[in-house]
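Visitor: Below: one structure in structure tokens.
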Amino acid sequence: MSATPTIAFDAARCDGCGHCMNACVSAKSSDAHRAQPRIQILRDDESGRWGIAQCRQCGDPRCASVCPAAALEKGDDGIVAWDGERCVNCLICTAGCTFGGIAFSAAEGHVVKCDQCEGAPQCVAACTRGALRYVTTANLYNRWGDLEDLFVPGLGGCQGCNTELIMRHTLRRVGSNTVLATPPGCIPGMGSVGYNGMLGCKVPVFHPLLTNTASMLTGIRRQYKRKGRNVTALALAGDGGAGDVGFQSLSGAAERGEQILFICVDNEGYMNTGAQRSGSTTYGAWTATTPIGESARGKTQDAKNLPLLMMWHGCEYVATASTAFMEDFYAKLEAALDASQRGFAYLHLYSPCTSGWRFPSASNIEVARKAVETNFAVLWEYRRDQGLKLSRDIEDPAPVTEYLKLLGKFRHLDATQIAHIERHVAEQAQVLRELARMHPREGRQVVGHQSDLMAVDLDQ
Amino acid sequence: MNEVVEMTAPVAHAASGRIAPDHDAVVARKEPKILVCDANEAAAWGVVLSRPDMVAVYPITPQSSLAEYVAQFVADGVLDAELVEAEGEHSVLSVLHGAALAGARTYTASCGQGLAFMFEPYFRTPNLRLPIVMSIVNRDGITPQCVWGGQQDAMTVREVGWVQLFCETVQEVLDTIVMAYRIAEDRSVMLPVNVNHDGNYLSNGIVRIELPEQAEVDDFLGAPDVNWHAALDPKRPMGVDPLTGGATGPGPALFVGYRRGHCEGMQNALRVIVEVHEEWARRFGRRYAPLVEEYRLDDAEYALVTIGSMAGAAKDAVDAARERGEPVGLIRIKTLRPFPLDAMVAALDKVRAVGVVDRAVSYGWNSGPVHQETLAALQYCPHRVPCLSLIGGLAGADLTQAHFERAIAETARLLVSPCPREPVWLNAEDR
């Protein structure tokens, strides 16, 4: 399915003038009745900001799935269409929709919702402040959304955990002709292999040892190749199973060029077992084994840079990614999957841990984004034949303190420690800048905020 | 015959020339292919004949030449297998776990420190019921630093759940490796098998052996039957090794079921090992005692208990003693796990005293591991048999006929005086 249009709302630009609602009323009213607007601009009393209630044209519309009369259906054009011939006015759809996108209109006598005015939404035309834009969006969803989610519903991850997001997106894309290895850690811990005879996903999946993921996948991949079958060997590992106790097997498989897609979901510690320190834990961080006390102020060493170590193995493909930049992640997943047909592909995902890093579970994406915007986590990719390229501009980053202040694990930092982190972040950025400079080939530059990644203006 | 000679090491070239100078004539008479080689090369030929899909190796003295032979056979196209030169023994066995779960017949070899490093996946192999065959070229453990033969490696892991077979001769090594696949892949067994051959004694001892015909071995072994019970295959998706429930839910019963099934597989292996050895004798004309060998035992008053290659020198000592009229016999354990209780009791029941010679130490018991095993078996004997521990052959120390003559003398003494609690250290005076 190609990208489909939708209406994007930028709350920061909205002043609540209501022109959009008036335009909608004009567009949808007839001689018989005055229409109820399909777009509602509402004030959030707490924040003072304006919000929107309008149909999102969801990819998997809840209104349609709860409708007992099949009166709502998502069409190929992306529009969730309402069919008055079938509707029984039960209004269950209005309860199903989270966004207030479908509502009962007393004047019209049935539910109403946005139909985007046949490709020329009047609300957007009426908005003078640029708060409403008519865009193609949800490229990810539209490209991959109809692929099967191969994990079971209800994995037991912590609230707000991004690792589950990574797992589901990855397997959705990689597909079912796969053997999945999940060494001990959060990923099997949330049930992806299963508990008590109940399975966690729909592809062959197993617990390797914490130490031998890449080795077991070596045997699997090679045996199927020997038998003429192209089975994807996929690892979803934590940073301990990849970079600490698992590093020997990872390094060996990378050196041998085994055809494996190895994804390290780095939450900077042994978070599944209660947030203990790992080699990936960053300097100064509190963990259960680098506690704060009279004579200790968190971890005293910098994290090892695992993706760079993997790059020096001469892998087919190595990249870093973040859940705050999903388009970038998907592009890299695509490249890594392709590279794993020829050799070792390594993807390193920065995945903030709500419980172990001590921040509110609702802020996970914000934390992930801030890590990238401050250069605390730098996004890049390496191809053996092209060298390293930065995925994103790293000049003029936001101050590192903007990232540090979001996290409880850094609450105790003193000025010296902050200075150490700032220096380290700058040094790492410089190393990557130099590596990228050594390979000044045309790269895919992904610049800017996530909303820019997600949407391209139709009229450009 | 020609290709065999070409594929073997230089030493075998020269020696083969002496043994069978007229290759064509040998083939024409349908006589067996002859090799002159050590047990590491013989093991590699056993691997060739067994046609594994995947071999993973990491070199370690005294196994290294075995790994080299296998690699050369793959390079020469003699062995059509995936060869994984892993970065350590831990990965070696892990690679085979993955391969076996994908349906591969697999092989590796290690010993000593390599086995120690491998322990984590080694421990898991029988619990996953993977029919992997692995040679252990027995080596003593450090410290003190040592690269020499000894059985401390295999003895230390005897409670892990692998089938453990110990060979006496180079020929038996080759034959047992092939037989090991039949035992391992038997659906009533489904367990990994260690084929042990002593480092130095067998790994470097060159003798004449016969090489079975590939077609006959193919017929004997059949196709690999490896992952019918647990597979990692997109065509048969399943979760392998999900977390069990601990103290709640179906956890304990599930876990007990695994352990109990494992024990049953072990007991089934006793029957299968016997059947396979009998079939081997029928097809290939070489008969080995599958569980416990009795040597000049029927009219013996006392006996030595041995394991592995030391039985050769021990049998010479027994023969010499018999010449002198001493009523001594010998028991050789081939199968240590599963422990052949009935066969061992039957053998022990024939004598009034035994002396057990170990090439390893059971520290807390102040004796040798096979001594402990023998003591446990004696519990089932109708009459009491005093049982002396003798320890020798550690770290490559030579166990000569003279050492065994001393062992015989020490054992004979049990008929007239109490059994000492202290072990006899056979090489304690050797400088």
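By order in the structure tokens, chains are A, B, ...; within a chain, residues start at 1; ligands start at 1, following the order shown.
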Just list as a count of residues only whatever in stretch 23-187 of chain B DSSP marks as helix (DSSP H, G or I).
Guide: 76
Visitor: Any idea which chain B residues end up within 7 Å of chain A if we count only C-alpha atoms, as JSON, numbers by chain please?
Guide: {"B": [86, 87, 91, 94, 95, 96, 97, 98, 99, 102, 104, 232, 233, 234, 237, 238, 239, 240, 241, 242, 243, 244, 245, 250, 251]}
Visitor: Which neighbours of stretch 159-171 of chain B fall inside 7 Å, counting only C-alpha atoms, when residues of the same chain fewer than 2 positions from it are skipped, and could you give them as a ChimeraX atom specification?
Guide: /B:38-39,42,123,126,157,173-175,191-197,202,209,307-309,311,334-338
Visitor: List every residue of stretch 130-364 of chain B that DSSP, applied to the backbone, labels as strand (DSSP E), and write the result as a PyMOL selection string.
Guide: chain B and resi 133-138+163-166+193-198+207-211+239-240+292-295+302-307+328-333+335-337+353-358
Visitor: Put those residues in a file: C-alpha atoms, as a PDB file, in the first residue's frame.
Guide:
```pdb
ATOM      1  CA  VAL B 133      28.841 -36.917  18.960  1.00  0.00           C
ATOM      2  CA  MET B 134      31.980 -35.506  20.484  1.00  0.00           C
ATOM      3  CA  SER B 135      35.394 -37.003  20.965  1.00  0.00           C
ATOM      4  CA  ILE B 136      37.243 -36.245  24.146  1.00  0.00           C
ATOM      5  CA  VAL B 137      40.950 -36.801  23.668  1.00  0.00           C
ATOM      6  CA  ASN B 138      41.373 -37.173  27.391  1.00  0.00           C
ATOM      7  CA  VAL B 163      26.656 -41.019  27.244  1.00  0.00           C
ATOM      8  CA  GLN B 164      30.338 -41.716  27.940  1.00  0.00           C
ATOM      9  CA  LEU B 165      32.207 -44.426  26.057  1.00  0.00           C
ATOM     10  CA  PHE B 166      35.916 -45.149  26.635  1.00  0.00           C
ATOM     11  CA  VAL B 193      27.690 -39.263  23.155  1.00  0.00           C
ATOM     12  CA  ASN B 194      31.292 -38.681  24.197  1.00  0.00           C
ATOM     13  CA  VAL B 195      33.741 -41.064  22.593  1.00  0.00           C
ATOM     14  CA  ASN B 196      36.789 -40.911  24.847  1.00  0.00           C
ATOM     15  CA  HIS B 197      40.256 -41.804  23.755  1.00  0.00           C
ATOM     16  CA  ASP B 198      43.291 -41.200  25.903  1.00  0.00           C
ATOM     17  CA  VAL B 207      49.019 -48.711  14.711  1.00  0.00           C
ATOM     18  CA  ARG B 208      47.456 -50.574  11.828  1.00  0.00           C
ATOM     19  CA  ILE B 209      43.699 -50.294  11.495  1.00  0.00           C
ATOM     20  CA  GLU B 210      41.022 -51.270   9.027  1.00  0.00           C
ATOM     21  CA  LEU B 211      38.695 -48.782   7.405  1.00  0.00           C
ATOM     22  CA  GLY B 239       9.481 -22.262  21.068  1.00  0.00           C
ATOM     23  CA  VAL B 240      12.527 -24.165  22.211  1.00  0.00           C
ATOM     24  CA  VAL B 292      31.984 -54.139  30.511  1.00  0.00           C
ATOM     25  CA  GLU B 293      34.737 -56.364  29.156  1.00  0.00           C
ATOM     26  CA  GLU B 294      35.737 -59.404  31.182  1.00  0.00           C
ATOM     27  CA  TYR B 295      39.293 -60.601  30.572  1.00  0.00           C
ATOM     28  CA  TYR B 302      40.711 -61.181  42.054  1.00  0.00           C
ATOM     29  CA  ALA B 303      40.765 -58.599  39.285  1.00  0.00           C
ATOM     30  CA  LEU B 304      41.860 -55.202  38.159  1.00  0.00           C
ATOM     31  CA  VAL B 305      39.220 -52.718  37.033  1.00  0.00           C
ATOM     32  CA  THR B 306      40.436 -50.451  34.237  1.00  0.00           C
ATOM     33  CA  ILE B 307      39.059 -47.928  31.778  1.00  0.00           C
ATOM     34  CA  VAL B 328      44.008 -62.591  38.382  1.00  0.00           C
ATOM     35  CA  GLY B 329      41.572 -61.272  35.784  1.00  0.00           C
ATOM     36  CA  LEU B 330      40.575 -57.896  34.397  1.00  0.00           C
ATOM     37  CA  ILE B 331      37.424 -55.863  34.063  1.00  0.00           C
ATOM     38  CA  ARG B 332      37.409 -53.027  31.532  1.00  0.00           C
ATOM     39  CA  ILE B 333      34.632 -50.477  31.632  1.00  0.00           C
ATOM     40  CA  THR B 335      30.498 -47.558  29.039  1.00  0.00           C
ATOM     41  CA  LEU B 336      30.739 -45.354  32.115  1.00  0.00           C
ATOM     42  CA  ARG B 337      27.498 -43.453  31.479  1.00  0.00           C
ATOM     43  CA  ALA B 353      38.793 -58.635  45.538  1.00  0.00           C
ATOM     44  CA  VAL B 354      39.304 -55.848  43.043  1.00  0.00           C
ATOM     45  CA  GLY B 355      41.823 -53.091  42.509  1.00  0.00           C
ATOM     46  CA  VAL B 356      40.518 -50.122  40.505  1.00  0.00           C
ATOM     47  CA  VAL B 357      43.062 -48.165  38.502  1.00  0.00           C
ATOM     48  CA  ASP B 358      42.029 -44.580  37.822  1.00  0.00           C
TER      49      ASP B 358
END
```
Visitor: Excluding same-chain residues fewer than 4 positions from A:Leu306, what lies within 8 Å of it counting only C-alpha atoms, as a list in words?
Guide: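 Residues near the query, excluding close chain neighbours: Gly243, Ser280 and Met310 of chain A.
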Visitor: Interatomic distance between atom CA of A:Ala398 and atom CA of A:Phe325?
Guide: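 Separation between atom CA of A:Ala398 and atom CA of A:Phe325: 16.6 Å.
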Visitor: Skipping near chain neighbours, those fewer than 5 positions away, what residues fall within 7 Å of B:Ile391 using only C-alpha atoms, listed as a compact mmCIF listing (two decimals) with all heavy atoms, in the first residue's frame?
Guide:
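Once everything was written out, this is around.txt:
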```txt
# COMPACT_ATOMS: atom_id res chain seq x y z
N VAL B 357 42.02 -49.11 38.92
CA VAL B 357 43.06 -48.16 38.50
C VAL B 357 42.40 -46.98 37.81
O VAL B 357 41.73 -47.13 36.79
CB VAL B 357 44.07 -48.83 37.55
CG1 VAL B 357 45.23 -47.87 37.26
CG2 VAL B 357 44.61 -50.13 38.17
N ASP B 358 42.59 -45.82 38.37
CA ASP B 358 42.03 -44.58 37.82
C ASP B 358 43.12 -43.71 37.23
O ASP B 358 44.23 -43.66 37.76
CB ASP B 358 41.34 -43.78 38.94
CG ASP B 358 39.88 -44.14 39.10
OD1 ASP B 358 39.09 -43.70 38.24
OD2 ASP B 358 39.54 -44.85 40.07
N ARG B 359 42.75 -42.98 36.16
CA ARG B 359 43.65 -41.94 35.64
C ARG B 359 43.07 -40.56 35.98
O ARG B 359 43.20 -39.62 35.21
CB ARG B 359 43.81 -42.08 34.13
CG ARG B 359 44.62 -43.31 33.73
CD ARG B 359 45.02 -43.26 32.27
NE ARG B 359 45.96 -42.19 32.04
CZ ARG B 359 46.23 -41.70 30.82
NH1 ARG B 359 45.62 -42.19 29.76
NH2 ARG B 359 47.12 -40.73 30.68
N ALA B 360 42.40 -40.50 37.11
CA ALA B 360 41.82 -39.24 37.58
C ALA B 360 41.63 -39.35 39.07
O ALA B 360 41.77 -40.42 39.64
CB ALA B 360 40.49 -38.96 36.88
N GLY B 368 39.88 -42.66 43.33
CA GLY B 368 39.61 -42.31 41.95
C GLY B 368 38.13 -42.40 41.64
O GLY B 368 37.38 -43.10 42.33
N PRO B 423 44.60 -44.38 48.74
CA PRO B 423 44.85 -44.91 47.40
C PRO B 423 46.34 -45.24 47.22
O PRO B 423 47.19 -44.70 47.93
CB PRO B 423 44.46 -43.75 46.48
CG PRO B 423 44.67 -42.53 47.30
CD PRO B 423 44.37 -42.92 48.73
N VAL B 424 46.62 -46.11 46.27
CA VAL B 424 47.99 -46.39 45.87
C VAL B 424 48.32 -45.46 44.70
O VAL B 424 47.63 -45.49 43.67
CB VAL B 424 48.16 -47.87 45.44
CG1 VAL B 424 49.58 -48.11 44.94
CG2 VAL B 424 47.80 -48.79 46.59
N TRP B 425 49.34 -44.62 44.89
CA TRP B 425 49.73 -43.67 43.82
C TRP B 425 50.82 -44.34 42.98
O TRP B 425 51.98 -44.38 43.38
CB TRP B 425 50.21 -42.36 44.42
CG TRP B 425 49.14 -41.65 45.22
CD1 TRP B 425 48.85 -41.83 46.53
CD2 TRP B 425 48.22 -40.67 44.72
NE1 TRP B 425 47.79 -41.01 46.89
CE2 TRP B 425 47.38 -40.29 45.80
CE3 TRP B 425 48.00 -40.07 43.47
CZ2 TRP B 425 46.36 -39.35 45.68
CZ3 TRP B 425 46.99 -39.13 43.36
CH2 TRP B 425 46.18 -38.78 44.45
N LEU B 426 50.41 -44.84 41.80
CA LEU B 426 51.30 -45.72 41.05
C LEU B 426 52.55 -45.02 40.50
O LEU B 426 53.58 -45.63 40.34
CB LEU B 426 50.54 -46.38 39.89
CG LEU B 426 49.51 -47.44 40.34
CD1 LEU B 426 48.67 -47.89 39.15
CD2 LEU B 426 50.22 -48.65 40.97
```
Visitor: So which residues touch A:Phe262 within 6 Å, counting only C-alpha atoms, skipping near sequence neighbours fewer than 2 positions away, as a PyMOL selection string?
Guide: chain A and resi 234-235+260+346
Visitor: I'd like the neighbourhood of stretch 435-438 of chain A as a PyMOL selection string, where a residue qualifies if any of its atoms comes within 8 Å (using only C-alpha atoms), though same-chain residues fewer than 3 positions away should be ignored.
Guide: chain A and resi 387-390+431-432
Visitor: Mind dumping the selected residues with N, CA, C and O atoms as a PDB file, in the first residue's frame?
Guide:
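Below is the file selection-v7.pdb, written as the result:
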```pdb
ATOM      1  N   GLY A 387      32.009   2.613   4.035  1.00  0.00           N
ATOM      2  CA  GLY A 387      32.462   3.267   5.247  1.00  0.00           C
ATOM      3  C   GLY A 387      31.318   3.801   6.081  1.00  0.00           C
ATOM      4  O   GLY A 387      30.168   3.423   5.898  1.00  0.00           O
ATOM      5  N   LEU A 388      31.661   4.691   6.997  1.00  0.00           N
ATOM      6  CA  LEU A 388      30.687   5.186   7.974  1.00  0.00           C
ATOM      7  C   LEU A 388      30.070   6.501   7.500  1.00  0.00           C
ATOM      8  O   LEU A 388      30.769   7.388   7.010  1.00  0.00           O
ATOM      9  N   LYS A 389      28.758   6.589   7.663  1.00  0.00           N
ATOM     10  CA  LYS A 389      28.046   7.830   7.355  1.00  0.00           C
ATOM     11  C   LYS A 389      27.178   8.216   8.532  1.00  0.00           C
ATOM     12  O   LYS A 389      26.527   7.364   9.126  1.00  0.00           O
ATOM     13  N   LEU A 390      27.184   9.491   8.832  1.00  0.00           N
ATOM     14  CA  LEU A 390      26.266   9.961   9.866  1.00  0.00           C
ATOM     15  C   LEU A 390      24.861   9.986   9.281  1.00  0.00           C
ATOM     16  O   LEU A 390      24.652  10.382   8.123  1.00  0.00           O
ATOM     17  N   VAL A 431      35.057  11.592  17.073  1.00  0.00           N
ATOM     18  CA  VAL A 431      35.523  10.339  16.465  1.00  0.00           C
ATOM     19  C   VAL A 431      34.635   9.974  15.271  1.00  0.00           C
ATOM     20  O   VAL A 431      35.118   9.656  14.174  1.00  0.00           O
ATOM     21  N   LEU A 432      33.336  10.064  15.481  1.00  0.00           N
ATOM     22  CA  LEU A 432      32.406   9.688  14.407  1.00  0.00           C
ATOM     23  C   LEU A 432      32.487  10.681  13.250  1.00  0.00           C
ATOM     24  O   LEU A 432      32.411  10.308  12.079  1.00  0.00           O
TER      25      LEU A 432
END
```
Visitor: By how many Å are atom CA of A:Cys97 and atom CA of A:Cys63 apart?
Guide: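 Separating atom CA of A:Cys97 from atom CA of A:Cys63 is a distance of 5.5 Å.
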Visitor: With distances taken over only C-alpha atoms, which residue among B:Val217, B:Val318, B:Leu35, B:Leu415 lies nearest B:Val47?
Guide: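 The shortest atom-to-atom distance to B:Val47 comes from B:Val217.
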Visitor: For A:His412, which of A:Asp10, A:Asp338, A:Asp244, A:Glu294 is the closest residue, counting only C-alpha atoms?
Guide: A:Glu294
Visitor: Can you tell me how far atom CA of B:Gln214 sits from atom CA of B:Leu49, in Å to one decimal?
Guide: 5.8 Å
